[in-house]
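So the structure is just underneath, and the comments pick up after that.
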Amino acid sequence: MIRIVTCARLAGLQRDAEGARERAREIQGAADRAYAGHLRTVYDLTAEAESAERAAEADRADAVMARELLERTETQLASARATVREQAARIEALSEPATNTSMVLLLHYGEPHSIHPDAAAACAHAATFGAPSSGWVPVGERPAAELLWMCVPFIYDAGRDHFRSVTAPAVEPSGGAR
């Protein structure tokens, strides 16, 4: 079959073809925009996912550091507690009155002034009040009230809960207490 195409028909077909091409360009443009939007979305989501992974890795690293810090702190705390227990035991041991401990009573013009662990400490304490720090001599027979400073050694007997002089004999008086 042979068909004869007129100029009007040919012009109509060309207009239809041009309209179809225009419609194809519009659809292709919309498809390109949709594809570009899809690519942007994929790129944005990929960037967000990578950022989230980096943040998660940083958080994991922070958690590891925090765990290590906590472990070190716990170790230091345990050490500090052990030190406190040792010091508390030492303080308790030092706070208990020592049995038969020798001490020195420092007298000022015969009046009790202070108690010291040894004569050197008593002399050093008296030196803070103007007494010579060395050159102390035995008292002899002079009364204590005549001496500016005097050291009297004594022992605390914890078993009997009393003090006794080191220079006087530790003898009970005969016939009972006076």
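Labels for the structure tokens follow display order: chains A, B, ..., residues from 1 in each chain, ligands from 1.
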Closest-contact table, region 46-119 of chain A side, partner region 17-41 of chain A, 12 Å, counting only C-alpha atoms, as CSV:
```
residue,atom,partner,partner_atom,distance
A:Thr46,CA,A:Thr41,CA,8.3
A:Ala47,CA,A:Thr41,CA,9.7
A:Glu48,CA,A:Thr41,CA,10.3
A:Ala49,CA,A:Thr41,CA,11.9
```
*asked:* as a VMD selection string, please: every residue in region 38-145 of chain A that a backbone DSSP assignment puts in alpha helix (DSSP H).
replied: chain A and resid 38 to 95 119 to 127
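Secondary structure from DSSP on the backbone puts strand (DSSP E or B) at the following positions of region 4-177 of chain A: Thr101, Ser102, Met103, Val104, Leu105, Leu106, Leu107, His108, Glu111, Pro112, His113, Ser114, Ile115, His116, Trp149, Met150, Cys151, Val152, Pro153, Phe154, Ile155, Tyr156, Asp157, His162, Phe163, Arg164 and Ser165 of chain A.
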Dump of N, CA, C and O atoms for the selected residues, as a JSON list (two decimals), in the first residue's frame:
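Generated file (again-v3.json):
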```
[["chain", "number", "residue", "atom", "x", "y", "z"],
["A", 101, "THR", "N", 58.73, 3.24, 128.77],
["A", 101, "THR", "CA", 59.39, 4.18, 127.89],
["A", 101, "THR", "C", 60.08, 5.25, 128.71],
["A", 101, "THR", "O", 59.47, 5.87, 129.57],
["A", 102, "SER", "N", 61.33, 5.47, 128.40],
["A", 102, "SER", "CA", 62.09, 6.49, 129.11],
["A", 102, "SER", "C", 61.78, 7.85, 128.50],
["A", 102, "SER", "O", 61.73, 8.01, 127.28],
["A", 103, "MET", "N", 61.50, 8.83, 129.37],
["A", 103, "MET", "CA", 61.20, 10.20, 128.93],
["A", 103, "MET", "C", 61.93, 11.17, 129.83],
["A", 103, "MET", "O", 62.55, 10.78, 130.82],
["A", 104, "VAL", "N", 61.86, 12.44, 129.50],
["A", 104, "VAL", "CA", 62.54, 13.47, 130.29],
["A", 104, "VAL", "C", 61.53, 14.55, 130.62],
["A", 104, "VAL", "O", 60.83, 15.05, 129.74],
["A", 105, "LEU", "N", 61.47, 14.91, 131.90],
["A", 105, "LEU", "CA", 60.62, 16.01, 132.37],
["A", 105, "LEU", "C", 61.50, 17.24, 132.45],
["A", 105, "LEU", "O", 62.54, 17.23, 133.10],
["A", 106, "LEU", "N", 61.11, 18.31, 131.79],
["A", 106, "LEU", "CA", 61.86, 19.56, 131.82],
["A", 106, "LEU", "C", 61.23, 20.44, 132.89],
["A", 106, "LEU", "O", 60.03, 20.72, 132.86],
["A", 107, "LEU", "N", 62.06, 20.84, 133.86],
["A", 107, "LEU", "CA", 61.59, 21.70, 134.96],
["A", 107, "LEU", "C", 62.15, 23.09, 134.76],
["A", 107, "LEU", "O", 63.29, 23.27, 134.36],
["A", 108, "HIS", "N", 61.34, 24.09, 135.07],
["A", 108, "HIS", "CA", 61.76, 25.49, 135.02],
["A", 108, "HIS", "C", 61.58, 26.04, 136.44],
["A", 108, "HIS", "O", 60.45, 26.17, 136.91],
["A", 111, "GLU", "N", 59.46, 23.83, 138.63],
["A", 111, "GLU", "CA", 58.07, 23.58, 138.22],
["A", 111, "GLU", "C", 58.07, 22.81, 136.89],
["A", 111, "GLU", "O", 58.85, 23.12, 135.99],
["A", 112, "PRO", "N", 57.21, 21.80, 136.76],
["A", 112, "PRO", "CA", 57.14, 21.06, 135.50],
["A", 112, "PRO", "C", 56.81, 22.00, 134.34],
["A", 112, "PRO", "O", 55.91, 22.82, 134.43],
["A", 113, "HIS", "N", 57.58, 21.86, 133.27],
["A", 113, "HIS", "CA", 57.38, 22.71, 132.09],
["A", 113, "HIS", "C", 56.87, 21.88, 130.91],
["A", 113, "HIS", "O", 55.87, 22.23, 130.29],
["A", 114, "SER", "N", 57.55, 20.77, 130.55],
["A", 114, "SER", "CA", 57.15, 19.94, 129.41],
["A", 114, "SER", "C", 57.81, 18.58, 129.51],
["A", 114, "SER", "O", 58.77, 18.40, 130.25],
["A", 115, "ILE", "N", 57.28, 17.63, 128.74],
["A", 115, "ILE", "CA", 57.82, 16.27, 128.69],
["A", 115, "ILE", "C", 58.35, 16.03, 127.29],
["A", 115, "ILE", "O", 57.71, 16.39, 126.30],
["A", 116, "HIS", "N", 59.54, 15.38, 127.23],
["A", 116, "HIS", "CA", 60.22, 15.16, 125.95],
["A", 116, "HIS", "C", 60.69, 13.73, 125.86],
["A", 116, "HIS", "O", 60.90, 13.07, 126.88],
["A", 149, "TRP", "N", 66.68, 25.83, 134.50],
["A", 149, "TRP", "CA", 66.18, 24.67, 133.75],
["A", 149, "TRP", "C", 66.83, 23.41, 134.30],
["A", 149, "TRP", "O", 68.00, 23.40, 134.66],
["A", 150, "MET", "N", 66.05, 22.34, 134.32],
["A", 150, "MET", "CA", 66.56, 21.08, 134.83],
["A", 150, "MET", "C", 65.83, 19.94, 134.13],
["A", 150, "MET", "O", 64.62, 20.01, 133.89],
["A", 151, "CYS", "N", 66.57, 18.86, 133.78],
["A", 151, "CYS", "CA", 65.99, 17.68, 133.15],
["A", 151, "CYS", "C", 65.92, 16.56, 134.18],
["A", 151, "CYS", "O", 66.90, 16.27, 134.86],
["A", 152, "VAL", "N", 64.76, 15.94, 134.29],
["A", 152, "VAL", "CA", 64.57, 14.82, 135.21],
["A", 152, "VAL", "C", 64.12, 13.62, 134.38],
["A", 152, "VAL", "O", 63.00, 13.62, 133.85],
["A", 153, "PRO", "N", 64.97, 12.60, 134.24],
["A", 153, "PRO", "CA", 64.56, 11.42, 133.48],
["A", 153, "PRO", "C", 63.58, 10.59, 134.30],
["A", 153, "PRO", "O", 63.67, 10.50, 135.52],
["A", 154, "PHE", "N", 62.60, 9.96, 133.60],
["A", 154, "PHE", "CA", 61.65, 9.08, 134.27],
["A", 154, "PHE", "C", 61.17, 8.04, 133.29],
["A", 154, "PHE", "O", 61.41, 8.14, 132.08],
["A", 155, "ILE", "N", 60.50, 7.03, 133.80],
["A", 155, "ILE", "CA", 59.96, 5.95, 132.99],
["A", 155, "ILE", "C", 58.48, 5.85, 133.27],
["A", 155, "ILE", "O", 58.05, 5.90, 134.42],
["A", 156, "TYR", "N", 57.71, 5.69, 132.19],
["A", 156, "TYR", "CA", 56.28, 5.43, 132.34],
["A", 156, "TYR", "C", 56.10, 3.93, 132.32],
["A", 156, "TYR", "O", 56.44, 3.26, 131.35],
["A", 157, "ASP", "N", 55.58, 3.39, 133.38],
["A", 157, "ASP", "CA", 55.32, 1.96, 133.49],
["A", 157, "ASP", "C", 53.84, 1.74, 133.15],
["A", 157, "ASP", "O", 52.96, 1.97, 133.99],
["A", 162, "HIS", "N", 51.86, 4.17, 136.03],
["A", 162, "HIS", "CA", 52.44, 5.24, 136.83],
["A", 162, "HIS", "C", 53.83, 5.57, 136.30],
["A", 162, "HIS", "O", 54.39, 4.83, 135.50],
["A", 163, "PHE", "N", 54.36, 6.69, 136.75],
["A", 163, "PHE", "CA", 55.67, 7.14, 136.35],
["A", 163, "PHE", "C", 56.63, 6.86, 137.50],
["A", 163, "PHE", "O", 56.28, 6.95, 138.68],
["A", 164, "ARG", "N", 57.88, 6.57, 137.17],
["A", 164, "ARG", "CA", 58.88, 6.42, 138.22],
["A", 164, "ARG", "C", 60.17, 7.05, 137.74],
["A", 164, "ARG", "O", 60.49, 7.06, 136.55],
["A", 165, "SER", "N", 60.90, 7.59, 138.66],
["A", 165, "SER", "CA", 62.14, 8.28, 138.35],
["A", 165, "SER", "C", 63.20, 7.28, 137.96],
["A", 165, "SER", "O", 63.28, 6.18, 138.49]]
```
